[in-house]
Number of protein chains: 2
Amino acid sequence: MPKTARVYVTLKRGVLDPQGSAVARSLHALGYDEVADVRLGKFIEVALREGAAPADEKARLEEMCRKLLANTVIEDFRIEL
Amino acid sequence: MPKTARVYVTLKRGVLDPQGSAVARSLHALGYDEVADVRLGKFIEVALREGAAPADEKARLEEMCRKLLANTVIEDFRIEL
């Protein structure tokens, strides 16, 4: 079974999330008044080839996030290996 | 500080993920050959009002997922409270 890295990409605090606000409003409309706020992010599962993974796996994943998976101007990312 | 629930929405195994495949191809093009596969999902942070949360918090969150946050025909969801 190949190893899977989990990457979480979230909007930085302070960045407006209109999509999240729309979801929050929809939840209120459905009667879920306990919802204070919703923020939408991405959850990315990256399957890594067995054996092929170099020793600096985590560093390379961070590079992938910075280059492609996340927009670091407005987004933060977190990697779980 | 309000409590935050984390919801992970992922495509069910067997459901094609063309967006994930496109990301995997882009990573290969960037030289990350260790990437075997990419699956994209959603990561939703739901802030819950303090005190207002009913005892059956988890059950209500599951209901929100079934009604709005996930398409249970093709997606699975997981809730962390």
# chains A, B, ... in the order shown; residues from 1 in each chain; ligands from 1

call {"tool": "closest_atom_pairs", "arguments": {"of": "chain B", "to": "chain A", "cutoff": "10 Å", "atoms": "only C-alpha atoms", "output": "tab-separated table"}}
result
residue	atom	partner	partner_atom	distance
B:Pro2	CA	A:Ala36	CA	8.1
B:Lys3	CA	A:Ala36	CA	9.5
B:Thr4	CA	A:Asp37	CA	9.1
B:Ala5	CA	A:Val38	CA	9.6
B:Arg6	CA	A:Arg39	CA	9.8
B:Val7	CA	A:Leu40	CA	9.6
B:Tyr8	CA	A:Phe43	CA	7.1
B:Val9	CA	A:Phe43	CA	7.9
B:Thr10	CA	A:Phe43	CA	8.0
B:Gly20	CA	A:Ile44	CA	8.4
B:Val23	CA	A:Leu69	CA	8.1
B:Ala24	CA	A:Val46	CA	8.3
B:Ser26	CA	A:Leu68	CA	8.1
B:Leu27	CA	A:Met64	CA	7.3
B:Leu30	CA	A:Met64	CA	8.6
B:Gly31	CA	A:Met64	CA	9.9
B:Tyr32	CA	A:Met64	CA	8.0
B:Asp33	CA	A:Ala52	CA	8.1
B:Glu34	CA	A:Arg49	CA	5.2
B:Val35	CA	A:Leu48	CA	4.7
B:Ala36	CA	A:Leu48	CA	5.1
B:Asp37	CA	A:Ala47	CA	5.0
B:Val38	CA	A:Val46	CA	4.6
B:Arg39	CA	A:Glu45	CA	5.1
B:Leu40	CA	A:Ile44	CA	4.7
B:Gly41	CA	A:Phe43	CA	4.7
B:Lys42	CA	A:Lys42	CA	4.6
B:Phe43	CA	A:Gly41	CA	4.7
B:Ile44	CA	A:Leu40	CA	4.7
B:Glu45	CA	A:Arg39	CA	5.1
B:Val46	CA	A:Val38	CA	4.6
B:Ala47	CA	A:Asp37	CA	5.0
B:Leu48	CA	A:Val35	CA	4.7
B:Arg49	CA	A:Glu34	CA	5.2
B:Glu50	CA	A:Glu34	CA	8.1
B:Gly51	CA	A:Glu34	CA	8.7
B:Ala52	CA	A:Glu34	CA	5.6
B:Ala53	CA	A:Glu34	CA	5.5
B:Pro54	CA	A:Glu34	CA	8.0
B:Glu57	CA	A:Glu34	CA	9.0
B:Arg60	CA	A:Tyr32	CA	8.0
B:Leu61	CA	A:Tyr32	CA	9.0
B:Glu63	CA	A:Tyr32	CA	9.8
B:Met64	CA	A:Leu27	CA	7.3
B:Lys67	CA	A:Leu30	CA	8.9
B:Leu68	CA	A:Leu27	CA	7.7
B:Leu69	CA	A:Val23	CA	8.1

call {"tool": "residues_around", "arguments": {"residues": "Val73 of chain A", "least_positions_apart": "4", "cutoff": "10 Å", "atoms": "only C-alpha atoms", "output": "PyMOL selection string"}}
result
chain A and resi 11-12+15+66

call {"tool": "select_by_dssp", "arguments": {"residues": "chain A", "states": "helix (DSSP H, G or I)", "output": "JSON, numbers by chain"}}
result
{"A": [18, 19, 20, 21, 22, 23, 24, 25, 26, 27, 28, 29, 57, 58, 59, 60, 61, 62, 63, 64, 65, 66, 67, 68, 69]}

call {"tool": "write_last_selection", "arguments": {"atoms": "N, CA and C atoms", "output": "mmCIF file, in the first residue's frame"}}
result
data_model
loop_
_atom_site.group_PDB
_atom_site.id
_atom_site.type_symbol
_atom_site.label_atom_id
_atom_site.label_comp_id
_atom_site.auth_asym_id
_atom_site.auth_seq_id
_atom_site.Cartn_x
_atom_site.Cartn_y
_atom_site.Cartn_z
ATOM 1 N N PRO A 18 -16.336 34.351 1.074
ATOM 2 C CA PRO A 18 -17.750 34.498 0.695
ATOM 3 C C PRO A 18 -18.446 33.154 0.504
ATOM 4 N N GLN A 19 -17.693 32.154 0.041
ATOM 5 C CA GLN A 19 -18.287 30.825 -0.163
ATOM 6 C C GLN A 19 -18.690 30.229 1.194
ATOM 7 N N GLY A 20 -17.800 30.392 2.169
ATOM 8 C CA GLY A 20 -18.100 29.921 3.524
ATOM 9 C C GLY A 20 -19.296 30.650 4.110
ATOM 10 N N SER A 21 -19.366 31.962 3.882
ATOM 11 C CA SER A 21 -20.500 32.742 4.397
ATOM 12 C C SER A 21 -21.810 32.266 3.781
ATOM 13 N N ALA A 22 -21.756 31.921 2.497
ATOM 14 C CA ALA A 22 -22.969 31.436 1.823
ATOM 15 C C ALA A 22 -23.425 30.120 2.434
ATOM 16 N N VAL A 23 -22.460 29.247 2.744
ATOM 17 C CA VAL A 23 -22.808 27.967 3.374
ATOM 18 C C VAL A 23 -23.403 28.219 4.758
ATOM 19 N N ALA A 24 -22.807 29.153 5.514
ATOM 20 C CA ALA A 24 -23.326 29.467 6.848
ATOM 21 C C ALA A 24 -24.774 29.956 6.745
ATOM 22 N N ARG A 25 -25.034 30.843 5.765
ATOM 23 C CA ARG A 25 -26.400 31.351 5.593
ATOM 24 C C ARG A 25 -27.375 30.230 5.249
ATOM 25 N N SER A 26 -26.913 29.305 4.390
ATOM 26 C CA SER A 26 -27.785 28.179 4.029
ATOM 27 C C SER A 26 -28.081 27.305 5.247
ATOM 28 N N LEU A 27 -27.072 27.108 6.100
ATOM 29 C CA LEU A 27 -27.291 26.299 7.304
ATOM 30 C C LEU A 27 -28.286 26.999 8.240
ATOM 31 N N HIS A 28 -28.185 28.319 8.343
ATOM 32 C CA HIS A 28 -29.146 29.058 9.162
ATOM 33 C C HIS A 28 -30.549 28.894 8.596
ATOM 34 N N ALA A 29 -30.639 28.978 7.258
ATOM 35 C CA ALA A 29 -31.953 28.840 6.610
ATOM 36 C C ALA A 29 -32.556 27.472 6.883
ATOM 37 N N GLU A 57 11.040 13.782 1.910
ATOM 38 C CA GLU A 57 9.632 13.719 1.525
ATOM 39 C C GLU A 57 8.854 14.972 1.946
ATOM 40 N N LYS A 58 8.937 15.282 3.211
ATOM 41 C CA LYS A 58 8.172 16.394 3.768
ATOM 42 C C LYS A 58 8.566 17.718 3.094
ATOM 43 N N ALA A 59 9.871 17.908 2.887
ATOM 44 C CA ALA A 59 10.348 19.140 2.261
ATOM 45 C C ALA A 59 9.802 19.249 0.845
ATOM 46 N N ARG A 60 9.776 18.109 0.144
ATOM 47 C CA ARG A 60 9.253 18.134 -1.228
ATOM 48 C C ARG A 60 7.755 18.398 -1.242
ATOM 49 N N LEU A 61 7.031 17.872 -0.261
ATOM 50 C CA LEU A 61 5.597 18.147 -0.180
ATOM 51 C C LEU A 61 5.350 19.630 0.083
ATOM 52 N N GLU A 62 6.180 20.221 0.931
ATOM 53 C CA GLU A 62 6.034 21.661 1.204
ATOM 54 C C GLU A 62 6.266 22.473 -0.071
ATOM 55 N N GLU A 63 7.233 22.025 -0.848
ATOM 56 C CA GLU A 63 7.515 22.662 -2.136
ATOM 57 C C GLU A 63 6.305 22.559 -3.069
ATOM 58 N N MET A 64 5.702 21.361 -3.131
ATOM 59 C CA MET A 64 4.505 21.163 -3.976
ATOM 60 C C MET A 64 3.409 22.129 -3.553
ATOM 61 N N CYS A 65 3.241 22.300 -2.239
ATOM 62 C CA CYS A 65 2.197 23.212 -1.747
ATOM 63 C C CYS A 65 2.495 24.626 -2.182
ATOM 64 N N ARG A 66 3.747 25.031 -2.028
ATOM 65 C CA ARG A 66 4.091 26.411 -2.354
ATOM 66 C C ARG A 66 3.991 26.668 -3.861
ATOM 67 N N LYS A 67 4.335 25.652 -4.654
ATOM 68 C CA LYS A 67 4.344 25.846 -6.107
ATOM 69 C C LYS A 67 2.979 25.647 -6.758
ATOM 70 N N LEU A 68 2.172 24.747 -6.206
ATOM 71 C CA LEU A 68 0.955 24.388 -6.933
ATOM 72 C C LEU A 68 -0.305 24.271 -6.070
ATOM 73 N N LEU A 69 -0.191 23.598 -4.941
ATOM 74 C CA LEU A 69 -1.422 23.231 -4.228
ATOM 75 C C LEU A 69 -2.064 24.383 -3.472
#

call {"tool": "decode", "arguments": {"residues": "segment 2-33 of chain B", "atoms": "N, CA, C and O atoms", "output": "PDB file, in the first residue's frame"}}
result
ATOM      1  N   PRO B   2     -15.405  30.221  20.461  1.00  0.00           N
ATOM      2  CA  PRO B   2     -16.384  29.201  20.086  1.00  0.00           C
ATOM      3  C   PRO B   2     -15.692  27.894  19.693  1.00  0.00           C
ATOM      4  O   PRO B   2     -14.533  27.887  19.290  1.00  0.00           O
ATOM      5  N   LYS B   3     -16.455  26.838  19.854  1.00  0.00           N
ATOM      6  CA  LYS B   3     -15.978  25.511  19.475  1.00  0.00           C
ATOM      7  C   LYS B   3     -15.988  25.401  17.948  1.00  0.00           C
ATOM      8  O   LYS B   3     -16.885  25.935  17.299  1.00  0.00           O
ATOM      9  N   THR B   4     -15.003  24.709  17.400  1.00  0.00           N
ATOM     10  CA  THR B   4     -14.990  24.527  15.951  1.00  0.00           C
ATOM     11  C   THR B   4     -15.022  23.043  15.590  1.00  0.00           C
ATOM     12  O   THR B   4     -14.212  22.271  16.086  1.00  0.00           O
ATOM     13  N   ALA B   5     -15.956  22.688  14.746  1.00  0.00           N
ATOM     14  CA  ALA B   5     -16.018  21.320  14.238  1.00  0.00           C
ATOM     15  C   ALA B   5     -15.314  21.288  12.888  1.00  0.00           C
ATOM     16  O   ALA B   5     -15.397  22.241  12.119  1.00  0.00           O
ATOM     17  N   ARG B   6     -14.584  20.218  12.655  1.00  0.00           N
ATOM     18  CA  ARG B   6     -13.922  20.059  11.362  1.00  0.00           C
ATOM     19  C   ARG B   6     -14.620  18.958  10.573  1.00  0.00           C
ATOM     20  O   ARG B   6     -14.811  17.863  11.095  1.00  0.00           O
ATOM     21  N   VAL B   7     -14.974  19.278   9.358  1.00  0.00           N
ATOM     22  CA  VAL B   7     -15.654  18.303   8.508  1.00  0.00           C
ATOM     23  C   VAL B   7     -14.784  18.040   7.282  1.00  0.00           C
ATOM     24  O   VAL B   7     -14.310  18.977   6.636  1.00  0.00           O
ATOM     25  N   TYR B   8     -14.547  16.774   7.003  1.00  0.00           N
ATOM     26  CA  TYR B   8     -13.755  16.380   5.837  1.00  0.00           C
ATOM     27  C   TYR B   8     -14.698  15.691   4.865  1.00  0.00           C
ATOM     28  O   TYR B   8     -15.344  14.719   5.225  1.00  0.00           O
ATOM     29  N   VAL B   9     -14.763  16.213   3.663  1.00  0.00           N
ATOM     30  CA  VAL B   9     -15.625  15.613   2.641  1.00  0.00           C
ATOM     31  C   VAL B   9     -14.730  15.080   1.530  1.00  0.00           C
ATOM     32  O   VAL B   9     -13.945  15.827   0.948  1.00  0.00           O
ATOM     33  N   THR B  10     -14.831  13.792   1.282  1.00  0.00           N
ATOM     34  CA  THR B  10     -13.967  13.167   0.270  1.00  0.00           C
ATOM     35  C   THR B  10     -14.820  12.373  -0.716  1.00  0.00           C
ATOM     36  O   THR B  10     -15.891  11.888  -0.359  1.00  0.00           O
ATOM     37  N   LEU B  11     -14.329  12.243  -1.925  1.00  0.00           N
ATOM     38  CA  LEU B  11     -15.022  11.407  -2.909  1.00  0.00           C
ATOM     39  C   LEU B  11     -14.918   9.950  -2.476  1.00  0.00           C
ATOM     40  O   LEU B  11     -13.885   9.520  -1.965  1.00  0.00           O
ATOM     41  N   LYS B  12     -15.984   9.211  -2.674  1.00  0.00           N
ATOM     42  CA  LYS B  12     -15.961   7.788  -2.365  1.00  0.00           C
ATOM     43  C   LYS B  12     -14.945   7.089  -3.254  1.00  0.00           C
ATOM     44  O   LYS B  12     -14.724   7.508  -4.397  1.00  0.00           O
ATOM     45  N   ARG B  13     -14.333   6.037  -2.731  1.00  0.00           N
ATOM     46  CA  ARG B  13     -13.448   5.202  -3.550  1.00  0.00           C
ATOM     47  C   ARG B  13     -14.232   4.741  -4.771  1.00  0.00           C
ATOM     48  O   ARG B  13     -15.390   4.380  -4.660  1.00  0.00           O
ATOM     49  N   GLY B  14     -13.605   4.755  -5.904  1.00  0.00           N
ATOM     50  CA  GLY B  14     -14.281   4.273  -7.107  1.00  0.00           C
ATOM     51  C   GLY B  14     -14.887   5.397  -7.918  1.00  0.00           C
ATOM     52  O   GLY B  14     -15.140   5.234  -9.100  1.00  0.00           O
ATOM     53  N   VAL B  15     -15.105   6.548  -7.277  1.00  0.00           N
ATOM     54  CA  VAL B  15     -15.625   7.686  -8.029  1.00  0.00           C
ATOM     55  C   VAL B  15     -14.448   8.400  -8.682  1.00  0.00           C
ATOM     56  O   VAL B  15     -13.461   8.715  -8.020  1.00  0.00           O
ATOM     57  N   LEU B  16     -14.545   8.622  -9.975  1.00  0.00           N
ATOM     58  CA  LEU B  16     -13.467   9.293 -10.700  1.00  0.00           C
ATOM     59  C   LEU B  16     -13.247  10.704 -10.174  1.00  0.00           C
ATOM     60  O   LEU B  16     -14.193  11.410  -9.850  1.00  0.00           O
ATOM     61  N   ASP B  17     -11.985  11.140 -10.119  1.00  0.00           N
ATOM     62  CA  ASP B  17     -11.643  12.477  -9.643  1.00  0.00           C
ATOM     63  C   ASP B  17     -10.757  13.163 -10.688  1.00  0.00           C
ATOM     64  O   ASP B  17      -9.539  13.202 -10.565  1.00  0.00           O
ATOM     65  N   PRO B  18     -11.392  13.695 -11.751  1.00  0.00           N
ATOM     66  CA  PRO B  18     -10.604  14.301 -12.836  1.00  0.00           C
ATOM     67  C   PRO B  18      -9.776  15.498 -12.357  1.00  0.00           C
ATOM     68  O   PRO B  18      -8.683  15.726 -12.860  1.00  0.00           O
ATOM     69  N   GLN B  19     -10.316  16.232 -11.375  1.00  0.00           N
ATOM     70  CA  GLN B  19      -9.590  17.389 -10.853  1.00  0.00           C
ATOM     71  C   GLN B  19      -8.311  16.921 -10.150  1.00  0.00           C
ATOM     72  O   GLN B  19      -7.233  17.501 -10.343  1.00  0.00           O
ATOM     73  N   GLY B  20      -8.449  15.857  -9.378  1.00  0.00           N
ATOM     74  CA  GLY B  20      -7.276  15.284  -8.708  1.00  0.00           C
ATOM     75  C   GLY B  20      -6.256  14.776  -9.718  1.00  0.00           C
ATOM     76  O   GLY B  20      -5.046  14.971  -9.549  1.00  0.00           O
ATOM     77  N   SER B  21      -6.754  14.124 -10.774  1.00  0.00           N
ATOM     78  CA  SER B  21      -5.839  13.619 -11.803  1.00  0.00           C
ATOM     79  C   SER B  21      -5.079  14.751 -12.461  1.00  0.00           C
ATOM     80  O   SER B  21      -3.888  14.628 -12.774  1.00  0.00           O
ATOM     81  N   ALA B  22      -5.761  15.878 -12.688  1.00  0.00           N
ATOM     82  CA  ALA B  22      -5.111  17.031 -13.310  1.00  0.00           C
ATOM     83  C   ALA B  22      -3.999  17.559 -12.402  1.00  0.00           C
ATOM     84  O   ALA B  22      -2.911  17.924 -12.870  1.00  0.00           O
ATOM     85  N   VAL B  23      -4.272  17.594 -11.104  1.00  0.00           N
ATOM     86  CA  VAL B  23      -3.253  18.055 -10.151  1.00  0.00           C
ATOM     87  C   VAL B  23      -2.061  17.096 -10.165  1.00  0.00           C
ATOM     88  O   VAL B  23      -0.902  17.522 -10.183  1.00  0.00           O
ATOM     89  N   ALA B  24      -2.352  15.790 -10.203  1.00  0.00           N
ATOM     90  CA  ALA B  24      -1.269  14.799 -10.227  1.00  0.00           C
ATOM     91  C   ALA B  24      -0.408  14.983 -11.482  1.00  0.00           C
ATOM     92  O   ALA B  24       0.822  14.961 -11.413  1.00  0.00           O
ATOM     93  N   ARG B  25      -1.063  15.218 -12.616  1.00  0.00           N
ATOM     94  CA  ARG B  25      -0.308  15.435 -13.857  1.00  0.00           C
ATOM     95  C   ARG B  25       0.561  16.678 -13.752  1.00  0.00           C
ATOM     96  O   ARG B  25       1.715  16.678 -14.186  1.00  0.00           O
ATOM     97  N   SER B  26       0.014  17.745 -13.166  1.00  0.00           N
ATOM     98  CA  SER B  26       0.791  18.974 -13.007  1.00  0.00           C
ATOM     99  C   SER B  26       1.995  18.742 -12.109  1.00  0.00           C
ATOM    100  O   SER B  26       3.080  19.279 -12.351  1.00  0.00           O
ATOM    101  N   LEU B  27       1.803  17.962 -11.053  1.00  0.00           N
ATOM    102  CA  LEU B  27       2.927  17.676 -10.142  1.00  0.00           C
ATOM    103  C   LEU B  27       4.004  16.874 -10.876  1.00  0.00           C
ATOM    104  O   LEU B  27       5.199  17.110 -10.689  1.00  0.00           O
ATOM    105  N   HIS B  28       3.573  15.925 -11.718  1.00  0.00           N
ATOM    106  CA  HIS B  28       4.549  15.172 -12.509  1.00  0.00           C
ATOM    107  C   HIS B  28       5.328  16.112 -13.427  1.00  0.00           C
ATOM    108  O   HIS B  28       6.534  16.016 -13.552  1.00  0.00           O
ATOM    109  N   ALA B  29       4.590  17.046 -14.052  1.00  0.00           N
ATOM    110  CA  ALA B  29       5.227  17.995 -14.968  1.00  0.00           C
ATOM    111  C   ALA B  29       6.252  18.855 -14.246  1.00  0.00           C
ATOM    112  O   ALA B  29       7.231  19.318 -14.840  1.00  0.00           O
ATOM    113  N   LEU B  30       6.021  19.069 -12.949  1.00  0.00           N
ATOM    114  CA  LEU B  30       6.959  19.864 -12.152  1.00  0.00           C
ATOM    115  C   LEU B  30       8.120  19.012 -11.630  1.00  0.00           C
ATOM    116  O   LEU B  30       9.002  19.503 -10.934  1.00  0.00           O
ATOM    117  N   GLY B  31       8.081  17.707 -11.931  1.00  0.00           N
ATOM    118  CA  GLY B  31       9.199  16.846 -11.546  1.00  0.00           C
ATOM    119  C   GLY B  31       8.981  16.022 -10.287  1.00  0.00           C
ATOM    120  O   GLY B  31       9.897  15.367  -9.805  1.00  0.00           O
ATOM    121  N   TYR B  32       7.772  16.050  -9.750  1.00  0.00           N
ATOM    122  CA  TYR B  32       7.492  15.266  -8.536  1.00  0.00           C
ATOM    123  C   TYR B  32       7.012  13.871  -8.934  1.00  0.00           C
ATOM    124  O   TYR B  32       5.819  13.575  -8.892  1.00  0.00           O
ATOM    125  N   ASP B  33       7.955  13.035  -9.302  1.00  0.00           N
ATOM    126  CA  ASP B  33       7.591  11.724  -9.828  1.00  0.00           C
ATOM    127  C   ASP B  33       7.149  10.746  -8.744  1.00  0.00           C
ATOM    128  O   ASP B  33       6.637   9.675  -9.049  1.00  0.00           O
TER     129      ASP B  33
END
